[in-house]
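Novice: So that you have it, the file is target.tsv, and it contains TSV, C-alpha atoms:
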```
chain	number	residue	atom	x	y	z
C	1	LEU	CA	366.98	95.79	-21.94
C	2	LYS	CA	366.80	92.38	-20.35
C	3	PRO	CA	366.10	89.49	-22.65
C	4	SER	CA	362.54	88.20	-22.45
C	5	SER	CA	361.95	85.20	-20.30
C	6	HIS	CA	359.00	84.13	-22.46
C	7	PRO	CA	359.59	81.53	-25.14
C	8	PRO	CA	359.22	82.73	-28.72
C	9	ARG	CA	355.76	82.40	-30.24
C	10	LEU	CA	355.35	79.67	-32.79
C	11	ASP	CA	353.44	80.30	-35.99
C	12	ARG	CA	351.11	77.33	-36.04
C	13	ARG	CA	349.28	78.42	-39.21
C	14	GLY	CA	351.75	76.64	-41.41
C	15	PRO	CA	352.80	77.80	-44.86
C	16	ARG	CA	350.44	80.14	-46.69
C	17	GLN	CA	348.38	78.49	-49.37
C	18	THR	CA	347.06	80.07	-52.53
C	19	CYS	CA	343.30	79.75	-53.05
C	20	ARG	CA	342.76	78.14	-56.40
C	21	VAL	CA	339.48	78.27	-58.29
C	22	SER	CA	338.59	75.13	-60.16
C	23	PRO	CA	337.61	75.37	-63.82
C	24	ALA	CA	334.05	74.29	-62.88
C	25	MET	CA	333.74	77.08	-60.29
C	26	ALA	CA	335.13	79.64	-62.72
C	27	LYS	CA	332.62	78.57	-65.36
C	28	LYS	CA	329.74	78.79	-62.87
C	29	ALA	CA	330.78	82.32	-61.89
C	30	ALA	CA	331.07	83.34	-65.53
C	31	ASP	CA	327.64	81.89	-66.34
C	32	SER	CA	326.04	83.81	-63.46
C	33	ALA	CA	327.58	87.13	-64.47
C	34	MET	CA	325.01	89.71	-65.55
C	35	GLU	CA	325.05	91.95	-68.58
C	36	PRO	CA	326.13	95.47	-67.56
C	37	PHE	CA	323.19	97.83	-67.03
C	38	GLY	CA	323.01	101.53	-66.31
C	39	ASP	CA	325.92	103.73	-65.26
C	40	GLN	CA	329.18	101.75	-65.15
C	41	SER	CA	331.06	104.24	-62.95
C	42	PRO	CA	332.53	102.25	-60.04
C	43	GLY	CA	330.04	101.98	-57.19
C	44	CYS	CA	327.35	103.95	-59.00
C	45	GLU	CA	324.98	101.04	-59.47
C	46	PRO	CA	324.45	97.79	-57.52
C	47	TYR	CA	327.22	95.25	-58.15
C	48	TRP	CA	325.14	92.96	-60.33
C	49	TYR	CA	324.31	95.91	-62.63
C	50	GLN	CA	328.03	96.13	-63.38
C	51	GLY	CA	328.62	92.67	-64.76
C	52	PHE	CA	329.50	90.83	-61.57
C	53	PRO	CA	328.09	87.34	-60.95
C	54	SER	CA	325.15	86.88	-58.58
C	55	ALA	CA	323.72	83.84	-56.88
C	56	TYR	CA	320.45	85.64	-56.18
C	57	TYR	CA	319.27	87.57	-59.21
C	58	GLY	CA	317.88	85.84	-62.28
C	59	PRO	CA	316.15	86.57	-65.59
C	60	SER	CA	312.88	87.72	-63.98
C	61	HIS	CA	314.81	90.28	-61.92
C	62	VAL	CA	316.64	91.54	-65.01
C	63	GLU	CA	313.37	92.01	-66.88
C	64	PHE	CA	311.68	93.66	-63.90
C	65	ARG	CA	314.62	96.03	-63.54
C	66	ARG	CA	314.29	97.06	-67.18
C	67	LYS	CA	310.59	97.85	-66.71
C	68	CYS	CA	311.31	99.88	-63.57
C	69	ARG	CA	314.12	101.90	-65.15
C	70	GLU	CA	312.07	102.72	-68.26
C	71	PHE	CA	309.10	103.83	-66.17
C	72	VAL	CA	311.23	106.05	-63.94
C	73	GLN	CA	313.08	107.63	-66.85
C	74	GLN	CA	309.94	108.32	-68.86
C	75	GLU	CA	307.32	109.17	-66.24
C	76	ILE	CA	309.11	110.43	-63.11
C	77	ALA	CA	312.59	111.83	-63.78
C	78	PRO	CA	311.49	114.53	-66.29
C	79	ASN	CA	308.76	115.79	-63.92
C	80	LEU	CA	310.02	115.36	-60.38
C	81	GLU	CA	311.77	118.73	-60.01
C	82	GLY	CA	308.67	120.52	-61.27
C	83	TRP	CA	306.41	118.74	-58.79
C	84	LEU	CA	308.74	119.66	-55.94
C	85	GLU	CA	309.18	123.29	-56.97
C	86	LYS	CA	305.43	123.79	-57.31
C	87	ARG	CA	304.77	121.81	-54.11
C	88	GLN	CA	302.50	119.51	-56.02
C	89	VAL	CA	301.46	115.96	-55.22
C	90	TYR	CA	302.55	113.61	-57.97
C	91	PRO	CA	299.72	112.61	-60.37
C	92	VAL	CA	297.67	109.73	-59.03
C	93	ASP	CA	297.32	108.28	-62.53
C	94	LEU	CA	300.97	107.24	-62.28
C	95	HIS	CA	299.76	104.17	-60.41
C	96	ALA	CA	297.59	102.97	-63.28
C	97	LYS	CA	300.44	103.69	-65.70
C	98	ALA	CA	302.78	101.64	-63.54
C	99	LEU	CA	300.42	98.68	-63.48
C	100	ALA	CA	300.07	98.85	-67.26
C	101	ARG	CA	303.86	98.44	-67.47
C	102	GLY	CA	303.86	95.44	-65.14
C	103	LEU	CA	304.81	97.24	-61.93
C	104	PRO	CA	303.08	96.87	-58.53
C	105	THR	CA	300.72	99.44	-57.07
C	106	ALA	CA	300.37	98.03	-53.55
C	107	GLY	CA	303.55	96.14	-52.74
C	108	LEU	CA	304.44	92.50	-53.26
C	109	ALA	CA	303.02	90.66	-50.23
C	110	LYS	CA	301.68	87.24	-51.16
C	111	ASP	CA	298.06	88.17	-50.49
C	112	VAL	CA	298.45	91.24	-52.69
C	113	GLN	CA	300.26	89.39	-55.49
C	114	SER	CA	297.27	87.13	-55.98
C	115	ARG	CA	295.17	90.17	-56.95
C	116	TYR	CA	297.48	91.48	-59.69
C	117	PRO	CA	296.83	90.57	-63.34
C	118	LYS	CA	298.46	87.19	-63.94
C	119	GLU	CA	300.46	88.46	-66.88
C	120	ILE	CA	302.56	90.81	-64.73
C	121	VAL	CA	303.53	88.22	-62.10
C	122	PRO	CA	306.71	86.29	-63.01
C	123	GLU	CA	306.83	82.52	-62.84
C	124	GLY	CA	307.19	81.58	-59.18
C	125	GLY	CA	305.89	84.99	-58.09
C	126	PHE	CA	307.58	88.17	-56.99
C	127	ASP	CA	310.14	87.92	-54.21
C	128	ALA	CA	311.86	90.34	-51.86
C	129	LEU	CA	314.55	91.07	-54.44
C	130	HIS	CA	311.94	92.34	-56.91
C	131	GLU	CA	310.78	94.79	-54.26
C	132	LEU	CA	314.38	95.86	-53.57
C	133	ILE	CA	314.86	96.51	-57.30
C	134	TYR	CA	311.69	98.62	-57.37
C	135	LEU	CA	312.91	100.77	-54.46
C	136	ASP	CA	316.40	101.10	-55.96
C	137	GLU	CA	315.03	102.19	-59.31
C	138	LEU	CA	312.61	104.73	-57.83
C	139	ALA	CA	315.60	106.23	-56.02
C	140	VAL	CA	317.37	106.78	-59.35
C	141	ALA	CA	315.08	109.78	-60.00
C	142	GLY	CA	316.24	111.36	-56.73
C	143	PRO	CA	314.51	112.06	-53.40
C	144	GLY	CA	311.02	113.40	-53.61
C	145	GLY	CA	308.56	110.67	-52.69
C	146	ALA	CA	307.21	109.94	-56.17
C	147	MET	CA	305.15	106.73	-56.09
C	148	GLY	CA	305.40	106.80	-52.30
C	149	GLN	CA	301.70	106.05	-51.94
C	150	CYS	CA	302.28	102.60	-53.44
C	151	GLY	CA	304.37	101.80	-50.38
C	152	ILE	CA	301.61	103.08	-48.11
C	153	ASN	CA	299.04	101.01	-50.02
C	154	SER	CA	301.27	98.01	-49.36
C	155	MET	CA	300.92	98.57	-45.59
C	156	ALA	CA	297.25	99.49	-45.41
C	157	LEU	CA	295.82	96.84	-47.75
C	158	PRO	CA	297.10	93.55	-46.22
C	159	PRO	CA	294.91	93.75	-43.06
C	160	VAL	CA	291.88	94.19	-45.34
C	161	LEU	CA	292.91	91.17	-47.41
C	162	PHE	CA	293.76	89.07	-44.36
C	163	ALA	CA	290.76	89.79	-42.16
C	164	GLY	CA	288.25	91.92	-44.07
C	165	SER	CA	284.90	90.50	-45.12
C	166	PRO	CA	284.14	90.13	-48.85
C	167	ASP	CA	282.01	93.29	-48.65
C	168	VAL	CA	284.83	95.27	-47.05
C	169	GLN	CA	287.32	94.02	-49.63
C	170	ALA	CA	284.95	94.85	-52.48
C	171	GLN	CA	284.96	98.52	-51.45
C	172	VAL	CA	288.66	99.04	-51.93
C	173	VAL	CA	290.93	96.18	-53.01
C	174	ASP	CA	290.40	95.99	-56.76
C	175	ASP	CA	290.43	99.78	-57.17
C	176	VAL	CA	293.73	100.11	-55.27
C	177	ILE	CA	295.33	97.32	-57.28
C	178	ALA	CA	294.14	98.94	-60.51
C	179	GLY	CA	295.61	102.29	-59.50
C	180	ARG	CA	292.25	104.05	-59.35
C	181	ARG	CA	292.16	104.58	-55.58
C	182	ASN	CA	294.48	104.66	-52.57
C	183	ILE	CA	294.40	103.61	-48.95
C	184	SER	CA	296.46	104.83	-45.98
C	185	LEU	CA	297.23	103.25	-42.63
C	186	ALA	CA	296.04	105.50	-39.80
C	187	ILE	CA	297.59	104.41	-36.50
C	188	SER	CA	299.90	107.07	-35.02
C	189	GLU	CA	298.49	109.81	-32.80
C	190	PRO	CA	299.87	112.92	-31.11
C	191	SER	CA	300.28	110.91	-27.90
C	192	ALA	CA	300.81	107.39	-29.28
C	193	GLY	CA	303.20	106.69	-32.12
C	194	SER	CA	305.17	103.47	-31.81
C	195	ASP	CA	303.08	102.40	-28.81
C	196	VAL	CA	300.10	101.18	-30.82
C	197	ALA	CA	298.46	99.64	-27.77
C	198	ALA	CA	298.14	103.14	-26.24
C	199	ILE	CA	296.04	104.77	-28.97
C	200	ARG	CA	293.20	106.99	-27.76
C	201	ALA	CA	290.96	107.44	-30.82
C	202	THR	CA	287.65	105.80	-29.96
C	203	ALA	CA	284.91	104.03	-31.85
C	204	LYS	CA	281.75	103.59	-29.79
C	205	ARG	CA	279.02	101.43	-31.22
C	206	GLU	CA	275.62	103.01	-31.66
C	207	GLY	CA	273.25	100.65	-33.42
C	208	GLU	CA	274.64	99.81	-36.85
C	209	HIS	CA	277.40	102.43	-36.72
C	210	TYR	CA	280.52	103.30	-34.77
C	211	ARG	CA	280.88	106.90	-33.63
C	212	VAL	CA	284.56	107.70	-34.21
C	213	ASN	CA	286.39	110.51	-32.40
C	214	GLY	CA	290.06	111.30	-32.09
C	215	GLN	CA	293.17	112.44	-33.92
C	216	LYS	CA	295.80	110.77	-36.08
C	217	LYS	CA	299.20	112.28	-36.80
C	218	TRP	CA	301.97	111.55	-39.32
C	219	ILE	CA	299.55	109.65	-41.56
C	220	THR	CA	301.58	109.41	-44.74
C	221	GLY	CA	299.55	109.92	-47.89
C	222	GLY	CA	296.40	110.81	-45.99
C	223	HIS	CA	295.64	113.59	-48.48
C	224	MET	CA	295.86	111.08	-51.36
C	225	ALA	CA	293.92	108.31	-49.65
C	226	ASP	CA	290.34	107.44	-50.55
C	227	PHE	CA	290.15	105.05	-47.59
C	228	PHE	CA	291.85	104.54	-44.26
C	229	THR	CA	292.69	101.36	-42.42
C	230	LEU	CA	291.97	103.04	-39.11
C	231	ALA	CA	293.10	101.82	-35.69
C	232	VAL	CA	290.59	102.72	-32.98
C	233	ARG	CA	289.82	101.77	-29.42
C	234	THR	CA	286.59	99.80	-29.14
C	235	GLY	CA	287.38	98.20	-25.79
C	236	GLY	CA	289.47	98.61	-22.68
C	237	PRO	CA	293.12	99.64	-22.35
C	238	GLY	CA	295.96	97.84	-24.07
C	239	GLY	CA	296.23	95.94	-27.31
C	240	LYS	CA	293.11	93.85	-26.72
C	241	GLY	CA	290.96	96.96	-26.93
C	242	VAL	CA	292.17	97.93	-30.44
C	243	SER	CA	290.11	97.30	-33.56
C	244	LEU	CA	290.45	98.19	-37.23
C	245	LEU	CA	287.86	99.95	-39.38
C	246	LEU	CA	287.79	100.65	-43.10
C	247	VAL	CA	286.84	104.32	-43.32
C	248	ASP	CA	285.83	106.24	-46.43
C	249	ARG	CA	287.50	109.66	-46.42
C	250	ARG	CA	284.21	111.23	-47.59
C	251	THR	CA	282.61	110.34	-44.26
C	252	PRO	CA	281.28	113.52	-42.58
C	253	GLY	CA	283.36	114.74	-39.64
C	254	ILE	CA	286.77	113.92	-41.12
C	255	GLU	CA	289.28	116.77	-41.53
C	256	ILE	CA	292.59	116.08	-43.31
C	257	ARG	CA	295.43	118.60	-43.09
C	258	LYS	CA	298.74	118.20	-44.92
C	259	MET	CA	301.64	118.75	-42.54
C	260	GLU	CA	304.60	120.90	-43.49
C	261	THR	CA	307.96	119.14	-43.14
C	262	GLN	CA	311.56	120.30	-43.39
C	263	PHE	CA	311.97	118.64	-46.77
C	264	ASP	CA	308.53	118.40	-48.26
C	265	THR	CA	308.00	115.87	-51.00
C	266	CYS	CA	305.52	115.30	-53.78
C	267	HIS	CA	303.90	112.76	-51.46
C	268	GLY	CA	303.73	114.03	-47.87
C	269	THR	CA	302.14	113.30	-44.51
C	270	THR	CA	298.99	114.50	-42.75
C	271	PHE	CA	297.13	115.26	-39.53
C	272	ILE	CA	293.60	113.81	-39.44
C	273	THR	CA	290.76	114.67	-37.07
C	274	PHE	CA	287.65	112.53	-36.61
C	275	ASP	CA	284.74	114.45	-35.09
C	276	ASN	CA	281.69	112.25	-34.50
C	277	SER	CA	282.29	110.39	-37.76
C	278	MET	CA	279.75	107.62	-38.20
C	279	VAL	CA	281.25	104.46	-39.72
C	280	PRO	CA	279.09	101.40	-40.54
C	281	VAL	CA	279.63	98.41	-38.26
C	282	SER	CA	279.91	96.36	-41.44
C	283	ASN	CA	283.22	98.15	-42.10
C	284	LEU	CA	284.86	96.46	-39.12
C	285	ILE	CA	287.97	94.63	-40.35
C	286	GLY	CA	287.86	91.17	-38.81
C	287	GLN	CA	286.84	90.94	-35.17
C	288	GLU	CA	286.52	93.58	-32.48
C	289	GLY	CA	289.60	93.67	-30.27
C	290	ALA	CA	291.77	91.85	-32.81
C	291	GLY	CA	293.13	94.93	-34.58
C	292	PHE	CA	296.46	94.91	-32.75
C	293	MET	CA	297.09	91.35	-33.92
C	294	TYR	CA	296.18	92.19	-37.53
C	295	LEU	CA	298.79	94.96	-37.53
C	296	LEU	CA	301.63	92.70	-36.41
```
Output the file's structure in the form of structure tokens.
Specialist:
Amino acid sequence: LKPSSHPPRLDRRGPRQTCRVSPAMAKKAADSAMEPFGDQSPGCEPYWYQGFPSAYYGPSHVEFRRKCREFVQQEIAPNLEGWLEKRQVYPVDLHAKALARGLPTAGLAKDVQSRYPKEIVPEGGFDALHELIYLDELAVAGPGGAMGQCGINSMALPPVLFAGSPDVQAQVVDDVIAGRRNISLAISEPSAGSDVAAIRATAKREGEHYRVNGQKKWITGGHMADFFTLAVRTGGPGGKGVSLLLVDRRTPGIEIRKMETQFDTCHGTTFITFDNSMVPVSNLIGQEGAGFMYLL
């Protein structure tokens, strides 16, 4: 082989240096370390459950985690397999039980937080990490969808709180927060899922009512819902023709069918048909044609 004509490469990084942690940094890390919690098998629980320091989690998160774990172990874990084997929906009174233990029933959005009893909201309010803890702890019981309707409530209720009139809010908000009732978000259709601006379900005004016709598909928790935040077309094509209505499931002309899925859960999803369902104009959420914006 001929010797290379290229000059040898120089290592310009210099001598390797050892990273030293100052006593102050070591003390800060030690002070932020959490007490071990749950299963200490490596990788079985989130890192901060296993005694590692965290710059994000604090005392309110530790206390919230304790409440979540106790609720799951006492109310869900012993019953989940039975609900799944019998193809049952989990008991709706779990929501009220959760609230009594200081857990949310309709998510942790700021507008929703203001409606919870003050004694369950930590100082400074709930944050995204509290919600992450809640989801992590529900997963401890295993897959199955228990308490899944609380997540659906958290999507369907904010438009009502943001844009609904006091009369519209009075029909549903306090009962959902208290765990007595539920609400589902009804947007997707057989021909319009992610493309919300292309929905076809119509609401035509006739005097003091809207006549609603159309279909909604993949409406999670529709069989548990007492109300729907329903996306309908009140105007022309596109997003500017979409409006939202608060619809009572007892309204004549509504048919709700639970859909079979490959892995059915104790929550589930539904197909809903509206056949000349008359909904009061007073149940309009916000303004006509602004529904697309409220869903963003």
Novice: What separation in Å, quoted to one decimal, exists between atom CA of Ile76 of chain C and atom CA of Thr105 of chain C?
Specialist: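 Separation of atom CA of Ile76 of chain C and atom CA of Thr105 of chain C: 15.1 Å.
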Novice: Compile the contact shell of Gly268 of chain C as an MDAnalysis selection string: residues with an atom at most 9 Å away, counting only C-alpha atoms, same-chain residues fewer than 5 positions apart removed.
Specialist: chainID C and resid 89 145 148 219:223 258:261
Novice: Can you work out which one of C:Gln88, C:Ala225, C:Ser277, C:His130 has the shortest atom-to-atom distance to Lys67 of chain C, counting all atoms listed in the file?
Specialist: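 Closest candidate: C:His130.
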Novice: Quick one, how far is atom CA of Lys204 of chain C from atom CA of Ser154 of chain C?
Specialist: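 According to the coordinates, atom CA of Lys204 of chain C and atom CA of Ser154 of chain C are separated by 28.2 Å.
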Novice: Mind pulling up the distance from atom CA of Glu123 of chain C to atom CA of Pro166 of chain C?
Specialist: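 Taking atom CA of Pro166 of chain C as the start and atom CA of Glu123 of chain C as the end point, the length is 27.7 Å.
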Novice: Kindly indicate which residue among C:Arg87, C:Arg257, C:Arg180, C:Arg233 lies nearest to Arg211 of chain C, using all atoms listed in the file for the distances.
Specialist: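 Under the stated criterion, the closest residue is C:Arg233.
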Novice: Give the answer as one residue: which of C:Gln50, C:Asn182, C:Asn276, C:Ser165 has the shortest atom-to-atom distance to Glu206 of chain C, using all atoms listed in the file?
Specialist: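 Using all atoms listed in the file, the shortest distance to Glu206 of chain C belongs to C:Asn276.
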Novice: Step by step: start from the point (318.5, 83.5, -58.3) in the file's coordinates, keep every protein, DNA or RNA residue that has an atom no farther than 12 Å from it, count only C-alpha atoms, and write the set as a PyMOL selection string.
Specialist: chain C and resi 32-34+48+53-62+124+126-130
Novice: Calculated over only C-alpha atoms, which of the candidates C:Gly291, C:Gly214, C:Gly239, C:Gly38 has the smallest distance to Glu255 of chain C?
Specialist: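 Using only C-alpha atoms, Glu255 of chain C sits closest to C:Gly214.
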Novice: At a cut-off of 12 Å, using all atoms listed in the file, what residues contact Glu75 of chain C? Leave out same-chain residues fewer than 6 positions from it and give the result as an MDAnalysis selection string.
Specialist: chainID C and resid 67:69 90:91 93:98 101 138 141 146:147
Novice: Take the residues that were just selected and, keeping C-alpha atoms, output them as a PDB file, in the frame of the given file.
Specialist:
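The file below, result.pdb, is the result:
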```
ATOM      1  CA  LYS C  67     310.590  97.850 -66.710  1.00  0.00           C
ATOM      2  CA  CYS C  68     311.310  99.880 -63.570  1.00  0.00           C
ATOM      3  CA  ARG C  69     314.120 101.900 -65.150  1.00  0.00           C
ATOM      4  CA  TYR C  90     302.550 113.610 -57.970  1.00  0.00           C
ATOM      5  CA  PRO C  91     299.720 112.610 -60.370  1.00  0.00           C
ATOM      6  CA  ASP C  93     297.320 108.280 -62.530  1.00  0.00           C
ATOM      7  CA  LEU C  94     300.970 107.240 -62.280  1.00  0.00           C
ATOM      8  CA  HIS C  95     299.760 104.170 -60.410  1.00  0.00           C
ATOM      9  CA  ALA C  96     297.590 102.970 -63.280  1.00  0.00           C
ATOM     10  CA  LYS C  97     300.440 103.690 -65.700  1.00  0.00           C
ATOM     11  CA  ALA C  98     302.780 101.640 -63.540  1.00  0.00           C
ATOM     12  CA  ARG C 101     303.860  98.440 -67.470  1.00  0.00           C
ATOM     13  CA  LEU C 138     312.610 104.730 -57.830  1.00  0.00           C
ATOM     14  CA  ALA C 141     315.080 109.780 -60.000  1.00  0.00           C
ATOM     15  CA  ALA C 146     307.210 109.940 -56.170  1.00  0.00           C
ATOM     16  CA  MET C 147     305.150 106.730 -56.090  1.00  0.00           C
TER      17      MET C 147
END
```
Novice: Find the residues near Asn283 of chain C: any atom within 8 Å, counting all atoms listed in the file, skip ones fewer than 3 places away on the same chain, and give them as a list of chain:residue names.
Specialist: C:Val168, C:Leu245, C:Leu246, C:Val247, C:Val279, C:Pro280
Novice: So, counting all atoms listed in the file, which residue among C:Ser188, C:Asn213, C:Ser194, C:Gln149 is closest to Val176 of chain C?
Specialist: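 Counting all atoms listed in the file, the residue closest to Val176 of chain C is C:Gln149.
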Novice: Neighbouring residues of Ile187 of chain C were defined as those with any atom within 12 Å, considering all atoms listed in the file; residues of the same chain fewer than 2 positions away were excluded. Please report them as a PyMOL selection string.
Specialist: chain C and resi 155-156+184-185+189-202+214-220+222+228-233+242-245+270-272+291-292+295
Novice: Take the residues just selected and output them with C-alpha atoms as a tab-separated table (two decimals), in the coordinates of the input.
Specialist:
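Contents of again30.tsv, freshly written:
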```tsv
chain	number	residue	atom	x	y	z
C	155	MET	CA	300.92	98.57	-45.59
C	156	ALA	CA	297.25	99.49	-45.41
C	184	SER	CA	296.46	104.83	-45.98
C	185	LEU	CA	297.23	103.25	-42.63
C	189	GLU	CA	298.49	109.81	-32.80
C	190	PRO	CA	299.87	112.92	-31.11
C	191	SER	CA	300.28	110.91	-27.90
C	192	ALA	CA	300.81	107.39	-29.28
C	193	GLY	CA	303.20	106.69	-32.12
C	194	SER	CA	305.17	103.47	-31.81
C	195	ASP	CA	303.08	102.40	-28.81
C	196	VAL	CA	300.10	101.18	-30.82
C	197	ALA	CA	298.46	99.64	-27.77
C	198	ALA	CA	298.14	103.14	-26.24
C	199	ILE	CA	296.04	104.77	-28.97
C	200	ARG	CA	293.20	106.99	-27.76
C	201	ALA	CA	290.96	107.44	-30.82
C	202	THR	CA	287.65	105.80	-29.96
C	214	GLY	CA	290.06	111.30	-32.09
C	215	GLN	CA	293.17	112.44	-33.92
C	216	LYS	CA	295.80	110.77	-36.08
C	217	LYS	CA	299.20	112.28	-36.80
C	218	TRP	CA	301.97	111.55	-39.32
C	219	ILE	CA	299.55	109.65	-41.56
C	220	THR	CA	301.58	109.41	-44.74
C	222	GLY	CA	296.40	110.81	-45.99
C	228	PHE	CA	291.85	104.54	-44.26
C	229	THR	CA	292.69	101.36	-42.42
C	230	LEU	CA	291.97	103.04	-39.11
C	231	ALA	CA	293.10	101.82	-35.69
C	232	VAL	CA	290.59	102.72	-32.98
C	233	ARG	CA	289.82	101.77	-29.42
C	242	VAL	CA	292.17	97.93	-30.44
C	243	SER	CA	290.11	97.30	-33.56
C	244	LEU	CA	290.45	98.19	-37.23
C	245	LEU	CA	287.86	99.95	-39.38
C	270	THR	CA	298.99	114.50	-42.75
C	271	PHE	CA	297.13	115.26	-39.53
C	272	ILE	CA	293.60	113.81	-39.44
C	291	GLY	CA	293.13	94.93	-34.58
C	292	PHE	CA	296.46	94.91	-32.75
C	295	LEU	CA	298.79	94.96	-37.53
```
Novice: Of the candidates C:Gly207, C:Gly235, C:Pro42, C:Pro143, which one gets nearest to Met278 of chain C if we count all atoms listed in the file?
Specialist: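 The closest residue to Met278 of chain C is C:Gly207.
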Novice: With only C-alpha atoms as the counted atoms, please give the residues lying no more than 12 Å from Asp167 of chain C, apart from itself and same-chain residues fewer than 3 positions off, as a PyMOL selection string.
Specialist: chain C and resi 160-161+163-164+170-174+246+280-286
